[in-house]
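Everything below belongs to final22.cif, which stores mmCIF, C-alpha atoms.
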data_run
#
loop_
_atom_site.label_atom_id
_atom_site.label_comp_id
_atom_site.auth_asym_id
_atom_site.auth_seq_id
_atom_site.Cartn_x
_atom_site.Cartn_y
_atom_site.Cartn_z
CA MET A 18 50.90 85.14 -242.90
CA ASN A 19 52.56 87.46 -245.39
CA ALA A 20 53.85 86.58 -248.84
CA ASN A 21 57.42 86.05 -247.64
CA GLU A 22 56.27 83.54 -245.05
CA ASN A 23 54.64 81.53 -247.86
CA GLN A 24 58.14 80.79 -249.19
CA ARG A 25 58.54 77.13 -250.12
CA ILE A 26 59.77 74.72 -247.43
CA LEU A 27 62.11 71.91 -248.47
CA TYR A 28 61.68 68.45 -246.95
CA ALA A 29 63.95 65.45 -246.53
CA VAL A 30 62.91 61.90 -245.72
CA PHE A 31 63.67 60.60 -242.23
CA GLU A 32 63.24 57.08 -240.88
CA ASN A 33 60.19 55.07 -241.99
CA GLY A 34 59.49 57.48 -244.84
CA ILE A 35 58.60 60.41 -242.58
CA GLN A 36 59.20 63.79 -244.22
CA LEU A 37 60.70 66.53 -242.08
CA PRO A 38 61.50 70.15 -243.00
CA ILE A 39 65.08 71.06 -243.82
CA LEU A 40 66.02 73.76 -241.33
CA ASP A 41 66.97 76.93 -243.23
CA ILE A 42 67.69 79.92 -241.00
CA THR A 43 67.10 82.27 -243.94
CA HIS A 44 63.46 81.16 -244.19
CA PRO A 45 61.01 83.86 -242.99
CA LEU A 46 59.14 81.36 -240.83
CA PHE A 47 62.33 80.61 -238.90
CA ASN A 48 63.01 84.28 -238.22
CA ALA A 49 59.37 84.86 -237.29
CA SER A 50 59.77 82.30 -234.48
CA ILE A 51 62.41 84.43 -232.66
CA ASP A 52 61.55 87.16 -230.18
CA GLU A 53 64.72 88.06 -228.28
CA GLN A 54 63.00 90.30 -225.76
CA ALA A 55 60.50 87.60 -224.83
CA TYR A 56 63.34 85.09 -224.54
CA HIS A 57 65.33 87.43 -222.31
CA LEU A 58 62.37 87.92 -219.94
CA ASN A 59 61.74 84.18 -219.87
CA CYS A 60 65.37 83.52 -218.92
CA LEU A 61 65.18 86.00 -216.06
CA LYS A 62 62.04 84.26 -214.81
CA SER A 63 63.76 80.86 -215.06
CA VAL A 64 66.75 82.09 -213.07
CA ARG A 65 64.48 83.31 -210.28
CA SER A 66 62.61 79.99 -210.29
CA ILE A 67 65.82 77.98 -210.02
CA GLU A 68 67.13 80.21 -207.23
CA SER A 69 63.87 79.64 -205.34
CA LEU A 70 64.03 75.90 -205.94
CA LYS A 71 67.57 75.70 -204.57
CA LYS A 72 66.36 77.20 -201.27
CA MET A 73 63.66 74.54 -200.82
CA PRO A 74 64.14 71.34 -198.76
CA GLY A 75 65.67 68.42 -200.61
CA PHE A 76 62.50 66.32 -200.64
CA ILE A 77 60.59 69.14 -202.35
CA GLN A 78 63.38 69.51 -204.92
CA ASN A 79 63.10 65.76 -205.63
CA ILE A 80 59.36 66.12 -206.17
CA PHE A 81 59.96 68.85 -208.75
CA VAL A 82 62.52 66.66 -210.52
CA LYS A 83 60.10 63.73 -210.69
CA MET A 84 57.30 66.01 -211.89
CA SER A 85 59.53 67.26 -214.70
CA ASN A 86 59.60 63.67 -216.04
CA VAL A 87 63.18 63.86 -217.28
CA ASP A 88 66.14 61.53 -216.93
CA ASN A 89 69.90 61.80 -217.08
CA SER A 90 70.08 61.43 -220.85
CA TYR A 91 70.95 64.14 -223.34
CA LEU A 92 68.64 65.92 -225.73
CA SER A 93 68.98 63.89 -228.95
CA GLY A 94 70.03 65.44 -232.23
CA MET A 95 66.65 64.92 -233.86
CA ARG A 96 64.67 66.26 -230.90
CA THR A 97 67.01 69.27 -230.85
CA LEU A 98 66.30 69.74 -234.56
CA LEU A 99 62.56 69.65 -233.89
CA TYR A 100 62.82 72.39 -231.26
CA LYS A 101 65.03 74.47 -233.55
CA LEU A 102 62.38 74.31 -236.26
CA GLY A 103 59.97 76.03 -233.88
CA PRO A 104 56.19 76.25 -234.08
CA ASN A 105 56.05 77.60 -237.63
CA LEU A 106 58.33 75.26 -239.56
CA SER A 107 57.20 72.22 -237.55
CA ARG A 108 53.55 72.85 -238.38
CA GLY A 109 52.10 69.76 -240.01
CA ILE A 110 54.44 67.31 -238.29
CA LYS A 111 52.60 64.74 -236.18
CA LEU A 112 53.96 65.31 -232.68
CA GLY A 113 53.37 63.81 -229.26
CA PHE A 114 51.99 65.99 -226.47
CA ARG A 115 55.44 66.69 -224.97
CA ASP A 116 57.00 67.85 -228.23
CA LYS A 117 53.92 69.77 -229.32
CA TRP A 118 54.13 71.69 -226.04
CA ALA A 119 57.92 72.16 -226.18
CA VAL A 120 58.19 73.66 -229.67
CA LYS A 121 55.90 76.49 -228.58
CA GLN A 122 57.83 77.31 -225.41
CA THR A 123 59.80 80.53 -225.23
CA SER A 124 62.62 78.73 -223.38
CA PHE A 125 63.45 76.62 -226.44
CA MET A 126 63.70 79.77 -228.54
CA GLY A 127 67.26 79.91 -227.23
CA LEU A 128 68.15 77.01 -229.52
CA ARG A 129 67.08 79.02 -232.54
CA ILE A 130 68.88 82.16 -231.40
CA ARG A 131 72.06 80.20 -230.74
CA LEU A 132 71.91 78.46 -234.12
CA ARG A 133 71.37 81.72 -235.98
CA ASP A 134 74.18 83.52 -234.15
CA LEU A 135 76.61 80.63 -234.55
CA CYS A 136 76.02 80.34 -238.29
CA GLN A 137 76.46 84.07 -238.77
CA ARG A 138 79.66 83.97 -236.73
CA GLN A 139 81.06 80.98 -238.60
CA SER A 140 80.35 82.45 -242.02
CA LYS A 141 82.01 85.70 -240.94
CA ILE A 142 85.09 83.80 -239.73
CA LEU A 143 85.34 81.74 -242.91
CA GLN A 144 85.01 84.54 -245.47
CA PRO A 145 88.53 85.99 -245.09
CA GLN A 146 90.03 82.49 -244.92
CA LEU A 147 88.30 81.44 -248.13
CA LYS A 148 89.48 84.61 -249.87
CA GLN A 149 93.05 84.23 -248.67
CA PHE A 150 93.34 80.55 -249.61
CA PRO A 151 91.28 79.98 -252.78
CA GLU A 152 93.21 76.77 -253.52
CA ARG A 153 92.34 75.09 -250.22
CA ASN A 154 89.36 72.84 -249.63
CA LEU A 155 86.99 73.46 -246.72
CA CYS A 156 86.56 71.00 -243.87
CA PHE A 157 84.05 71.15 -241.01
CA PHE A 158 84.53 69.14 -237.80
CA ASN A 159 81.27 69.14 -235.87
CA ILE A 160 81.44 67.46 -232.44
CA ALA A 161 78.07 66.03 -231.33
CA GLY A 162 76.81 67.62 -234.53
CA GLY A 163 73.52 65.74 -234.79
CA ALA A 164 71.76 66.93 -237.94
CA ALA A 165 74.63 69.43 -238.58
CA THR A 166 72.22 72.35 -238.90
CA ASP A 167 74.99 74.81 -238.04
CA SER A 168 77.41 73.51 -240.69
CA ILE A 169 74.69 73.33 -243.35
CA ASN A 170 73.35 76.80 -242.60
CA THR A 171 76.83 78.32 -242.48
CA LEU A 172 77.25 77.09 -246.06
CA ILE A 173 73.82 78.48 -246.98
CA LEU A 174 74.83 81.93 -245.69
CA LEU A 175 78.14 81.81 -247.59
CA GLN A 176 76.40 80.64 -250.75
CA GLU A 177 73.89 83.48 -250.55
CA SER A 178 76.42 86.21 -249.76
CA GLU A 179 79.54 85.24 -251.74
CA PRO A 180 78.91 82.09 -253.81
CA GLU A 181 82.19 82.48 -255.69
CA LEU A 182 84.07 81.58 -252.50
CA LEU A 183 82.67 78.04 -252.61
CA ARG A 184 82.96 77.35 -256.34
CA SER A 185 85.49 74.72 -257.46
CA ARG A 186 86.23 73.88 -253.85
CA LYS A 187 85.70 70.52 -252.20
CA ILE A 188 83.71 70.79 -248.98
CA GLU A 189 83.63 68.14 -246.28
CA ILE A 190 81.35 68.04 -243.24
CA ASN A 191 82.52 65.58 -240.59
CA ILE A 192 79.92 64.86 -237.92
CA LEU A 193 81.60 63.39 -234.84
CA ASP A 194 78.80 61.83 -232.81
CA ILE A 195 77.69 58.69 -230.99
CA ASP A 196 74.21 59.06 -232.48
CA THR A 197 73.42 58.13 -236.09
CA TYR A 198 69.85 59.36 -236.58
CA GLY A 199 70.72 63.06 -236.75
CA PRO A 200 73.79 62.62 -239.00
CA ASN A 201 71.87 60.32 -241.37
CA PHE A 202 69.16 62.96 -241.69
CA ALA A 203 71.83 65.60 -242.35
CA LYS A 204 73.11 63.52 -245.26
CA ARG A 205 69.61 63.34 -246.73
CA CYS A 206 69.18 67.10 -246.30
CA ILE A 207 72.36 67.75 -248.27
CA ASP A 208 71.19 65.41 -251.04
CA VAL A 209 68.00 67.48 -251.36
CA LEU A 210 69.91 70.79 -251.23
CA LYS A 211 72.17 69.61 -254.08
CA GLN A 212 69.24 69.21 -256.44
CA PRO A 213 68.84 71.68 -259.36
CA GLY A 214 67.66 75.10 -258.23
CA GLU A 215 68.54 74.55 -254.55
CA HIS A 216 71.26 76.13 -252.39
CA PHE A 217 73.96 73.51 -252.97
CA TYR A 218 73.34 72.71 -256.64
CA GLY A 219 76.64 72.17 -258.44
CA MET A 220 78.67 72.15 -255.20
CA ASP A 221 81.06 69.36 -254.23
CA ILE A 222 79.92 68.54 -250.68
CA ALA A 223 80.60 65.29 -248.85
CA LEU A 224 79.28 64.39 -245.40
CA ASN A 225 81.06 61.83 -243.21
CA ILE A 226 79.55 60.26 -240.10
CA ILE A 227 82.26 59.39 -237.58
CA HIS A 228 81.57 57.63 -234.29
CA TYR A 229 83.32 59.73 -231.67
CA ASP A 230 83.59 59.82 -227.88
CA TRP A 231 84.83 63.24 -226.77
CA SER A 232 86.44 61.70 -223.68
CA GLN A 233 88.95 60.05 -226.06
CA PRO A 234 90.21 63.00 -228.13
CA ASP A 235 93.34 61.16 -229.33
CA ALA A 236 91.13 59.88 -232.15
CA LEU A 237 91.19 63.43 -233.55
CA LEU A 238 94.89 63.27 -234.37
CA LYS A 239 94.68 61.32 -237.64
CA MET A 240 91.51 63.13 -238.75
CA CYS A 241 93.16 66.53 -238.38
CA LEU A 242 96.48 65.56 -239.92
CA ASP A 243 94.81 63.90 -242.92
CA ARG A 244 93.11 67.23 -243.65
CA SER A 245 95.96 69.53 -242.66
CA ASP A 246 95.99 71.20 -246.07
CA CYS A 247 92.33 72.27 -245.73
CA ILE A 248 90.70 75.26 -244.13
CA GLN A 249 89.38 73.63 -240.97
CA LEU A 250 86.50 74.85 -238.85
CA PHE A 251 85.83 73.15 -235.52
CA SER A 252 82.54 73.59 -233.72
CA SER A 253 80.14 72.10 -231.21
CA GLU A 254 76.99 74.16 -231.16
CA GLY A 255 75.76 72.54 -227.96
CA GLY A 256 76.85 68.98 -227.29
CA LEU A 257 80.37 69.13 -225.90
CA PHE A 258 79.83 72.49 -224.18
CA GLU A 259 76.54 71.50 -222.56
CA TYR A 260 77.32 67.94 -221.51
CA GLY A 261 81.11 67.63 -221.50
CA SER A 262 83.29 68.45 -218.52
CA ASP A 263 85.71 71.39 -218.55
CA SER A 264 88.58 68.94 -219.03
CA ASP A 265 86.81 67.34 -222.02
CA ILE A 266 86.34 70.78 -223.58
CA ILE A 267 89.96 71.77 -223.03
CA ASP A 268 91.36 68.43 -224.28
CA ASN A 269 89.30 68.52 -227.47
CA LEU A 270 90.19 72.13 -228.24
CA ASN A 271 93.86 71.40 -227.60
CA HIS A 272 93.85 68.44 -229.98
CA PHE A 273 92.14 70.39 -232.72
CA TYR A 274 94.38 73.41 -232.40
CA THR A 275 97.66 71.51 -232.10
CA ASN A 276 97.03 69.25 -235.08
CA SER A 277 95.64 71.77 -237.58
CA LEU A 278 97.56 73.92 -240.03
CA SER A 279 98.03 77.36 -238.50
CA CYS A 280 97.48 79.33 -241.71
CA GLY A 281 94.19 77.58 -242.45
CA ARG A 282 92.84 77.32 -238.94
CA SER A 283 89.41 78.74 -238.15
CA GLY A 284 88.58 76.85 -234.98
CA HIS A 285 86.35 78.48 -232.39
CA ARG A 286 83.57 77.78 -229.98
CA PHE A 287 80.31 79.51 -229.24
CA ILE A 288 78.20 79.45 -226.07
CA ASN A 289 74.79 80.97 -225.58
CA PHE A 290 74.41 82.10 -221.97
CA ARG A 291 71.31 82.88 -220.02
CA PRO A 292 71.58 86.21 -218.25
CA GLY A 293 72.67 86.44 -214.65
CA LYS A 294 74.74 83.65 -213.22
CA CYS A 295 73.83 80.50 -215.08
CA LYS A 296 75.12 78.69 -218.12
CA PHE A 297 72.23 77.54 -220.32
CA ARG A 298 71.81 73.79 -220.37
CA ILE A 299 69.04 71.78 -222.05
CA PRO A 300 66.90 69.86 -221.23
CA ARG A 301 67.25 69.56 -217.44
CA PHE A 302 66.31 72.85 -215.80
CA TYR A 303 67.22 71.33 -212.45
CA ARG A 304 70.82 70.50 -213.38
CA VAL A 305 71.83 73.86 -214.72
CA TYR A 306 75.55 74.56 -214.40
CA TRP A 307 75.98 77.66 -212.29
CA ARG A 308 78.93 79.98 -212.90
CA ALA A 309 79.83 82.93 -210.72
CA ASN A 310 80.64 84.79 -213.93
CA PRO A 311 79.99 82.89 -217.20
CA ILE A 312 82.23 85.11 -219.31
CA SER A 313 85.10 84.70 -216.84
CA TRP A 314 84.51 80.94 -216.97
CA ALA A 315 84.77 80.96 -220.77
CA ARG A 316 87.96 83.02 -220.61
CA GLY A 317 89.35 80.54 -218.10
CA VAL A 318 88.64 77.61 -220.41
CA ALA A 319 90.32 79.44 -223.29
CA ALA A 320 93.34 80.24 -221.12
CA ASN A 321 93.83 76.54 -220.47
CA PHE A 322 94.85 76.04 -224.08
CA ASN A 323 96.74 79.33 -224.33
CA ARG A 324 94.09 81.15 -226.33
CA ASN A 325 91.80 84.12 -225.74
CA LEU A 326 88.04 84.46 -225.78
CA VAL A 327 87.70 86.59 -228.91
CA GLY A 328 84.02 87.41 -228.64
CA PHE A 329 80.69 86.70 -227.05
CA ARG A 330 77.13 87.90 -227.40
CA ARG A 331 74.53 88.47 -224.73
CA ILE A 332 70.84 88.34 -225.53
CA PRO A 333 69.49 91.92 -225.12
#

Could I get this file's structure written as structure tokens?
Amino acid sequence: MNANENQRILYAVFENGIQLPILDITHPLFNASIDEQAYHLNCLKSVRSIESLKKMPGFIQNIFVKMSNVDNSYLSGMRTLLYKLGPNLSRGIKLGFRDKWAVKQTSFMGLRIRLRDLCQRQSKILQPQLKQFPERNLCFFNIAGGAATDSINTLILLQESEPELLRSRKIEINILDIDTYGPNFAKRCIDVLKQPGEHFYGMDIALNIIHYDWSQPDALLKMCLDRSDCIQLFSSEGGLFEYGSDSDIIDNLNHFYTNSLSCGRSGHRFINFRPGKCKFRIPRFYRVYWRANPISWARGVAANFNRNLVGFRRIP
């Protein structure tokens, strides 16, 4: 381990006094846990495996499903956080066999790549908005945000690159989720990051936990209108785009876009695709959503609320 990788790791207290690392994508140990070429090869292998599985008789497919020991539930915000930390930052955490195995798997590296790319994209989108409207406060809406690692790390990137853009500006992170464990941990992370000498010291940051069901997007109306004078950034790093239906995605994007101030709007979405024909979904490898052309699918979703897909990134 080199000197850079010995950089201090910050911790926040989770339930029952357990200390967990605060995920910082600028930490050398986070970047050391990403190998895009290895991830790409692993995805190709997974695609071939799924194609082979689909050709097998139904009873054999059912055996594979039972052997995978998964259910119909979603990957929780805190378990997602654990897999994003990766094998380096999670070292020292007492883990069960399943999680100890999972954090080392190349397939879960996609979570870290997606988080890194999303934060870089969001900070790039926000910079011109923050420069153009220095008098406006900044408001994040994070659907199924869990521990809000994307919102927090977007602020870390902005603070490191152009800290003057965040000075004297109120910042609000709204986590819209049915889960409370991840959002509560996010609040504790921000409290630690606001201590002297840390990334958010001296910054005016508030975090709100809002119970939200994305199948009932009408609840967004008041939230958006109450903050219509802010620069608003809407995101769902995974959540809505992995587990929601196309109609849920379209309805939520429509509500956000319609009820936000056009001159301060920075809403966008970001999907990390596996290569080939499948849309990456975690944790059930068996229930992957297959798209004939994932980019065309994304453009089609955007077209349903009269917008364009402005960019995407494939893993090399």

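Proximity to range 260-262 of chain A at 8 Å, evaluated using all atoms listed in the file and with sequence-adjacent residues fewer than 3 positions away removed, yields Tyr91, Trp231, Gly256, Leu257, Asp265 and Ile266 of chain A.
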
Those same residues - C-alpha atoms - I'd like them written as a tab-separated table (two decimals), in the frame of the given file.
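out.tsv, written as the output of this step:
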chain	number	residue	atom	x	y	z
A	91	TYR	CA	70.95	64.14	-223.34
A	231	TRP	CA	84.83	63.24	-226.77
A	256	GLY	CA	76.85	68.98	-227.29
A	257	LEU	CA	80.37	69.13	-225.90
A	265	ASP	CA	86.81	67.34	-222.02
A	266	ILE	CA	86.34	70.78	-223.58

Result set, the PyMOL selection byres ((chain A and resi 217) around 12) on current file, as a VMD selection string: chain A and resid 169 to 177 180 183 to 184 188 206 to 216 218 to 223

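For the pair CA of Cys60 in chain A and CA of Leu112 in chain A, the separation is 25.5 Å.
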
All residues 12 Å or closer to Thr97 in chain A, all atoms listed in the file, same chain fewer than 2 positions away omitted, as number ranges by chain: A: 40, 91-95, 99-103, 116, 119-120, 125-129, 132, 161-166, 198-199, 254-256, 299-300

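Minimum atom-to-atom distance to Asn225 in chain A, evaluated using all atoms listed in the file, belongs to A:Glu189 out of A:Glu189, A:Asp194, A:Asp52, A:Glu32.
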
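The interatomic distance for the pair CA of Lys187 in chain A and CA of Phe31 in chain A works out to 26.1 Å.
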
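Once the PyMOL selection byres ((chain A and resi 157) around 7) is applied to the depicted file, the selected set reads Leu155, Cys156, Phe158, Asn159, Glu189, Ile190, Asn191, Gln249, Leu250 and Phe251 of chain A.
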
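The space separating CA of Leu58 in chain A from CA of Ser124 in chain A comes to 9.8 Å.
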
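With distances taken over all atoms listed in the file, A:Thr123 is the one residue among A:Thr123, A:Ser140, A:Asn33, A:Asn23 lying closest to Gln54 in chain A.
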
Using all atoms listed in the file, can you tell me which of A:Leu182, A:Arg65, A:Gln122, A:Phe114 comes closest to Leu147 in chain A? A:Leu182

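With all atoms listed in the file as the atoms that count, the residue of A:Glu53, A:Gln144, A:Cys241, A:Ile130 with the shortest distance to Ser178 in chain A is A:Gln144.
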